[in-house]
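**Student:** Dumping the structure here so I can ask a few things about it.
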2 protein chains.
Amino acid sequence: MAKTPNRILLSEDRIPTQWYNLRADMPTKPAPLIHPGTKEELPEEALYPIFCKELAHQELDNESRYVEIPEEVQEAYRTFRPSPLHRAYRLEKLLDTPARIYYKFEGNNTSGSHKLNSALAQAYYAKAEGLRGLTTETGAGQWGTALAMACAFFRLPLTVYMVKGSYNQKPYRRSIIQTFGAEIIASPSDTTNAGRAILAHDPETTGSLGCAISEAIEKAVSSEGYRYVLGSVLNQVLLHQSVIGLESKAQLESVDEYPDIIVGCAGGGSNLGGLIAPFMADKLTGRANPRMIAVEPASCPSFTRGTYKYDFCDTGKMTPLAKMYTLGSDFIPGANHAGGLRYHGMSPILSTLYHEGDLEAVAYEQTNVFEAAMQFARTEGILPAPESSHAIRGAVNEALKCKESGEAKCILFGLTGTGYFDMLAYEQYLNGTMTDTIPTDEELAKYINA
Amino acid sequence: MAKTPNRILLSEDRIPTQWYNLRADMPTKPAPLIHPGTKEELPEEALYPIFCKELAHQELDNESRYVEIPEEVQEAYRTFRPSPLHRAYRLEKLLDTPARIYYKFEGNNTSGSHKLNSALAQAYYAKAEGLRGLTTETGAGQWGTALAMACAFFRLPLTVYMVKGSYNQKPYRRSIIQTFGAEIIASPSDTTNAGRAILAHDPETTGSLGCAISEAIEKAVSSEGYRYVLGSVLNQVLLHQSVIGLESKAQLESVDEYPDIIVGCAGGGSNLGGLIAPFMADKLTGRANPRMIAVEPASCPSFTRGTYKYDFCDTGKMTPLAKMYTLGSDFIPGANHAGGLRYHGMSPILSTLYHEGDLEAVAYEQTNVFEAAMQFARTEGILPAPESSHAIRGAVNEALKCKESGEAKCILFGLTGTGYFDMLAYEQYLNGTMTDTIPTDEELAKYINA
């Protein structure tokens, strides 16, 4: 058999034409969204003030196994998809492991991450419905950049609330979002009631995803013809991100591989959910039995130290309640560089899978994660985002276990994005000033019971 | 016939296994390097104190049509090559032009530019010769990043002199170079005689490529087991960069295309020289007759306002003399964002072709260039480097001429890199503070006669 290439490429006619909806194959469906007051299950119409209609439908659709990708979205996908699947030959050699390591690299587009897959879908549906504009939040800035690009493609105005910590740490993230024509505001801000309330409580806060979500939602519902869009957590986002897993599976099949272990970083869960979707389907239907591992930061350990319960999706408590692993909607993690992994909750789909025992989770400290990032950059020649580096750490640890045991396992991990806007983090790692902030049990108890 | 895909991809077995040496097919060879004192032609051995032996050989080899790419370099190429050739459907539509526009995108590797093609070759040969380390200079930082990556791959120490203007403008360029393990010093510096002399003359200077080259050479020749490497201008670099043109030609052939016009930005000429190499061979041997256009910044117009004569390659006047279009080795361009296009001279190969009338050249102001960059980013979804944006401007202008004339020409341009480290430039363009610095005839006369 021919040697597996370094990059397994697919031609553009192999881009999926349908998203795959894992919920259709889940024996236990994610719990429905409920109204915070009445505790009643929300019908689709109840979501229309927040989401455009098609996305509200996708959010609640547990039945359709496949959803057609609109031609306009496919056209946009063709400018950067299929994304490459890399065989990590150089990393394997460095680790001296018998494992075969593959990574699906979603950073080879200007937004620098997988977020563009859902941004294009959401911007398209908003445009198709005749909306006047969108609002959103962004943590590390990957989602804001992706949505700004998508809105430039479909010519829609956009306002981005960016978590203040990232806003100050990453001035150039702001510039790139502005380059694509969007307005950007540091959150918490004085432009919303939610932002003003949080600032009154803690004027020095560096913000959080939950808080930025509150502001973006408030802005959307109070602006005529605007809707709110979110880059992770939601069922619709995991649906769109299934292109990652569908392509990965086809790419692995093309070299006669099937993963024994699949590793992804998890903030809200969109990348991991998309990556594992078709493999989880195999597992749930008994066709295969891969291990799937979520890696989260020790500073924001939703899976590994959170509680499975109904909670608000935002700090301002404006959203419906979702049943998920959560640290409490008031939880704001200590300073860290994985801005995309600072969310207090977790995708309801992934939460269900974790609760049912079909998904594993581990948490790592950021110095440990950056050690793997440096190793990866210097061998594979790709500068990983801090978020993505959690998956690298997870995959490297599994590969080292293979070295111990002598097992030649096939490991697939998601390399979600690049670290060009995270050089401050690398600088801190290099000069030894990087620290870890791990919440105590007492701190966690305070928020989960709030 | 099937519709041309958005991205024309080649499988990794299509990476060239030989570099193509255009000099073999040039009826008029580039003038030889000469000794500044004796004015005598330099033999290969005279270059050994500066370059490692194989590179000294390649520098002077006007005869070998093809040069084998070492297996270790091919292995490294396979981690990011072949690079994609894009069809600019969305840009064509925006311009409403009958032209078909293609661009070869060299920014899809972590160094963010085409520079990695030569960096890997140069680092490999240095390692193979048993050298202890390398020195180099970098302007915008693309070359420094690429060489740092290459030295990490081949485990060689590296010291980078970075033009001070860029060093201060781009702190994160420094960090990424350090991430790959290299030492980085702002030039002019007090670590060399050349740097100290320039600082004594003008303590406030923002530096220049020519000056950084002087420092890097001085450091190399005064350090045991060290050699100097350069990312552009040299014949050896154009040789390595021929992979760009070879792949582009194969990619266009795969969709039954041949370019009528080829456009590239030109600082020292490495990207342009590599891109046009196989097409120029067609032209010089009468097989085809494409137009080839170099685009340079109006602030540093080596081709369009320089003089074709023997000059030093560096400001410190330490190098041999090369016959080239030059603005004078003391020329330091006014502040601009195209750090990679601030060199006072031009590749001797390209200078010869321009002098013989086989290559055209135009110069654009940076505000004009950034207008095209913004247009490109928002339609094609790739954030171009300021350097690369000169080629975009040139290609867009040719496409607009096609719109006027109704001609459906095939235009190929080189998109050499990404602008992630140039957000300050975008910010200045967006807020209207970007200016242009165009030298007067008197200023140019002063330097060329120095």
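In the structure tokens, chains take letters A, B, ... by order of appearance, with residues numbered from 1 within each chain and ligands from 1 in the order shown.
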Which chain A residues are at most 8 Å from chain B (counting only C-alpha atoms), as a PyMOL selection string?

**Tutor:** chain A and resi 5-7+9+11-12+78-80+108-110+149+152-153+172+175-176+179-180+374+377-383+420-421+423-424+426-427+430

**Student:** As a PyMOL selection string, please: every residue in region 134-314 of chain B that DSSP puts in strand (DSSP E or B).

**Tutor:** chain B and resi 134-138+158-163+183-187+226-228+261-265+291-297+307-312

**Student:** With only C-alpha atoms as the counted atoms, please give the residues lying no more than 6 Å from region 349-356 of chain B, apart from itself and same-chain residues fewer than 4 positions off, as a list in words.

**Tutor:**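 The contact residues come out as Pro30, Met324 and Tyr325 of chain B.
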
**Student:** Residues of region 18-105 of chain B that approach region 312-315 of chain B to 12 Å or less, counting only C-alpha atoms: could you list each one with the shortest pair of atoms and its distance in Å to one decimal, rows by chain and increasing residue number, as JSON lines?

**Tutor:**
```
{"residue": "B:Leu33", "atom": "CA", "partner": "B:Phe312", "partner_atom": "CA", "distance": 10.0}
{"residue": "B:Ile34", "atom": "CA", "partner": "B:Phe312", "partner_atom": "CA", "distance": 9.9}
{"residue": "B:His35", "atom": "CA", "partner": "B:Phe312", "partner_atom": "CA", "distance": 10.0}
{"residue": "B:Pro36", "atom": "CA", "partner": "B:Phe312", "partner_atom": "CA", "distance": 8.1}
{"residue": "B:Gly37", "atom": "CA", "partner": "B:Phe312", "partner_atom": "CA", "distance": 11.7}
```

**Student:** Store the residues picked out above, limited to N, CA and C atoms, as a PDB file, in the first residue's frame.

**Tutor:**
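Result written to result_36.pdb:
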```pdb
ATOM      1  N   LEU B  33      28.929  38.149  -9.993  1.00  0.00           N
ATOM      2  CA  LEU B  33      29.304  38.926  -8.810  1.00  0.00           C
ATOM      3  C   LEU B  33      30.766  39.325  -8.957  1.00  0.00           C
ATOM      4  N   ILE B  34      31.110  40.547  -8.579  1.00  0.00           N
ATOM      5  CA  ILE B  34      32.520  40.953  -8.652  1.00  0.00           C
ATOM      6  C   ILE B  34      33.018  41.476  -7.306  1.00  0.00           C
ATOM      7  N   HIS B  35      34.322  41.428  -7.155  1.00  0.00           N
ATOM      8  CA  HIS B  35      34.963  41.907  -5.932  1.00  0.00           C
ATOM      9  C   HIS B  35      34.953  43.433  -5.932  1.00  0.00           C
ATOM     10  N   PRO B  36      34.542  44.035  -4.828  1.00  0.00           N
ATOM     11  CA  PRO B  36      34.416  45.501  -4.818  1.00  0.00           C
ATOM     12  C   PRO B  36      35.756  46.228  -5.037  1.00  0.00           C
ATOM     13  N   GLY B  37      36.863  45.591  -4.632  1.00  0.00           N
ATOM     14  CA  GLY B  37      38.169  46.230  -4.796  1.00  0.00           C
ATOM     15  C   GLY B  37      38.757  45.977  -6.176  1.00  0.00           C
TER      16      GLY B  37
END
```

**Student:** To one decimal place in Å, what is the distance between CA of Ser302 (chain A) and CA of Gln366 (chain A)?

**Tutor:** 15.6 Å

**Student:** Can you pull out every residue from region 391-438 of chain A that DSSP, working from the backbone, puts in alpha helix (DSSP H), and format the result as a ChimeraX atom specification?

**Tutor:** /A:391-405,423-430

**Student:** Take the selection from the previous step and output its residues with N, CA and C atoms, as a short mmCIF file (atom, residue, chain, number, x, y, z; two decimals), in the first residue's frame.

**Tutor:**
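part04.cif written:
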```
data_model
loop_
_atom_site.label_atom_id
_atom_site.label_comp_id
_atom_site.auth_asym_id
_atom_site.auth_seq_id
_atom_site.Cartn_x
_atom_site.Cartn_y
_atom_site.Cartn_z
N ALA A 391 -6.36 19.99 22.84
CA ALA A 391 -6.53 18.71 22.13
C ALA A 391 -5.17 18.08 21.83
N ILE A 392 -4.19 18.92 21.51
CA ILE A 392 -2.83 18.39 21.28
C ILE A 392 -2.34 17.69 22.54
N ARG A 393 -2.50 18.37 23.68
CA ARG A 393 -2.06 17.77 24.96
C ARG A 393 -2.74 16.42 25.17
N GLY A 394 -4.02 16.39 24.93
CA GLY A 394 -4.77 15.14 25.10
C GLY A 394 -4.28 14.05 24.17
N ALA A 395 -4.05 14.40 22.92
CA ALA A 395 -3.61 13.41 21.93
C ALA A 395 -2.20 12.93 22.24
N VAL A 396 -1.33 13.86 22.65
CA VAL A 396 0.04 13.50 22.98
C VAL A 396 0.04 12.53 24.18
N ASN A 397 -0.78 12.82 25.17
CA ASN A 397 -0.84 11.92 26.33
C ASN A 397 -1.29 10.52 25.93
N GLU A 398 -2.27 10.45 25.03
CA GLU A 398 -2.73 9.13 24.57
C GLU A 398 -1.63 8.42 23.77
N ALA A 399 -0.90 9.20 22.97
CA ALA A 399 0.18 8.62 22.18
C ALA A 399 1.30 8.10 23.08
N LEU A 400 1.54 8.82 24.18
CA LEU A 400 2.57 8.37 25.12
C LEU A 400 2.13 7.10 25.86
N LYS A 401 0.83 7.01 26.10
CA LYS A 401 0.32 5.75 26.69
C LYS A 401 0.55 4.59 25.73
N CYS A 402 0.37 4.85 24.43
CA CYS A 402 0.63 3.81 23.42
C CYS A 402 2.09 3.40 23.44
N LYS A 403 2.96 4.39 23.69
CA LYS A 403 4.39 4.08 23.76
C LYS A 403 4.64 3.12 24.93
N GLU A 404 4.01 3.40 26.05
CA GLU A 404 4.12 2.53 27.23
C GLU A 404 3.65 1.11 26.93
N SER A 405 2.47 1.07 26.32
CA SER A 405 1.82 -0.24 26.14
C SER A 405 2.25 -0.94 24.85
N MET A 423 0.02 35.48 20.51
CA MET A 423 1.46 35.50 20.72
C MET A 423 1.82 35.96 22.13
N LEU A 424 0.94 36.76 22.75
CA LEU A 424 1.17 37.17 24.13
C LEU A 424 1.24 35.95 25.03
N ALA A 425 0.38 34.99 24.77
CA ALA A 425 0.38 33.76 25.55
C ALA A 425 1.69 33.00 25.36
N TYR A 426 2.12 32.90 24.11
CA TYR A 426 3.39 32.21 23.85
C TYR A 426 4.54 32.94 24.53
N GLU A 427 4.48 34.28 24.46
CA GLU A 427 5.53 35.09 25.10
C GLU A 427 5.59 34.78 26.60
N GLN A 428 4.43 34.73 27.24
CA GLN A 428 4.39 34.45 28.67
C GLN A 428 4.89 33.04 28.96
N TYR A 429 4.54 32.10 28.12
CA TYR A 429 5.05 30.74 28.33
C TYR A 429 6.57 30.73 28.20
N LEU A 430 7.07 31.42 27.17
CA LEU A 430 8.51 31.41 26.91
C LEU A 430 9.30 32.10 28.02
#
```

**Student:** Within 10 Å of region 128-134 of chain A, which residues of region 178-217 of chain A come that close, and what is the closest atom pair and distance in Å for each? Count only C-alpha atoms and give it as JSON lines.

**Tutor:**
```
{"residue": "A:Ala182", "atom": "CA", "partner": "A:Leu134", "partner_atom": "CA", "distance": 9.9}
{"residue": "A:Ala216", "atom": "CA", "partner": "A:Leu134", "partner_atom": "CA", "distance": 9.0}
{"residue": "A:Ile217", "atom": "CA", "partner": "A:Leu134", "partner_atom": "CA", "distance": 9.8}
```

**Student:** Could you state the separation of CA of Gly339 (chain A) and CA of Glu59 (chain A) in Å, given to one decimal place?

**Tutor:**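 Between CA of Gly339 (chain A) and CA of Glu59 (chain A) the gap works out to 24.7 Å.
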
**Student:** Tell me, as a list in words, which residues lie within 8 Å of Lys104 (chain A), counting only C-alpha atoms; anything in the same chain fewer than 3 positions away does not count.

**Tutor:**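 Here the answer would be Ser83, Pro84, Leu85, His86, Ile244, Ser248, Leu412, Phe413, Gly414, Leu415 and Thr416 of chain A.
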
**Student:** Next, the residues of the selection above should be written as an mmCIF file, in the first residue's frame with N, CA and C atoms.

**Tutor:**
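Result file selection-v4.cif:
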```cif
data_model
loop_
_atom_site.group_PDB
_atom_site.id
_atom_site.type_symbol
_atom_site.label_atom_id
_atom_site.label_comp_id
_atom_site.auth_asym_id
_atom_site.auth_seq_id
_atom_site.Cartn_x
_atom_site.Cartn_y
_atom_site.Cartn_z
ATOM 1 N N SER A 83 -11.105 20.900 4.398
ATOM 2 C CA SER A 83 -9.878 21.240 5.124
ATOM 3 C C SER A 83 -8.980 20.002 5.159
ATOM 4 N N PRO A 84 -7.669 20.219 5.274
ATOM 5 C CA PRO A 84 -6.762 19.068 5.225
ATOM 6 C C PRO A 84 -6.795 18.213 6.494
ATOM 7 N N LEU A 85 -6.600 16.930 6.321
ATOM 8 C CA LEU A 85 -6.333 16.035 7.453
ATOM 9 C C LEU A 85 -4.842 15.717 7.387
ATOM 10 N N HIS A 86 -4.128 16.040 8.452
ATOM 11 C CA HIS A 86 -2.682 15.821 8.467
ATOM 12 C C HIS A 86 -2.330 14.525 9.182
ATOM 13 N N ILE A 244 -16.875 18.897 9.782
ATOM 14 C CA ILE A 244 -15.526 18.521 10.230
ATOM 15 C C ILE A 244 -15.415 17.001 10.330
ATOM 16 N N SER A 248 -13.472 14.315 7.933
ATOM 17 C CA SER A 248 -12.415 13.534 8.591
ATOM 18 C C SER A 248 -12.614 12.050 8.358
ATOM 19 N N LEU A 412 -7.089 10.389 16.357
ATOM 20 C CA LEU A 412 -7.514 11.560 15.575
ATOM 21 C C LEU A 412 -7.786 12.701 16.539
ATOM 22 N N PHE A 413 -7.196 13.882 16.254
ATOM 23 C CA PHE A 413 -7.612 15.015 17.078
ATOM 24 C C PHE A 413 -7.954 16.220 16.214
ATOM 25 N N GLY A 414 -8.719 17.129 16.806
ATOM 26 C CA GLY A 414 -9.148 18.324 16.090
ATOM 27 C C GLY A 414 -8.205 19.476 16.361
ATOM 28 N N LEU A 415 -7.540 19.957 15.311
ATOM 29 C CA LEU A 415 -6.711 21.151 15.460
ATOM 30 C C LEU A 415 -7.568 22.309 14.952
ATOM 31 N N THR A 416 -8.231 22.959 15.907
ATOM 32 C CA THR A 416 -9.321 23.859 15.528
ATOM 33 C C THR A 416 -8.856 25.182 14.952
#
```

**Student:** Would you please work out which residue, of A:Arg227, A:His114, A:Lys446, A:Arg287, is nearest to Gly417 (chain A) when using only C-alpha atoms?

**Tutor:**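 Between A:Arg227, A:His114, A:Lys446, A:Arg287, the residue approaching Gly417 (chain A) most closely is A:His114.
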
**Student:** Select, from A:Ile213, A:Ala140, A:Ile261, A:Ala31, the residue with the minimum atom-to-atom distance to Tyr167 (chain A), counting only C-alpha atoms.

**Tutor:** A:Ala140

**Student:** Would you mind reading off the distance between CA of Pro98 (chain A) and CA of Pro259 (chain A), one decimal, in Å?

**Tutor:**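 CA of Pro98 (chain A) sits 14.1 Å away from CA of Pro259 (chain A).
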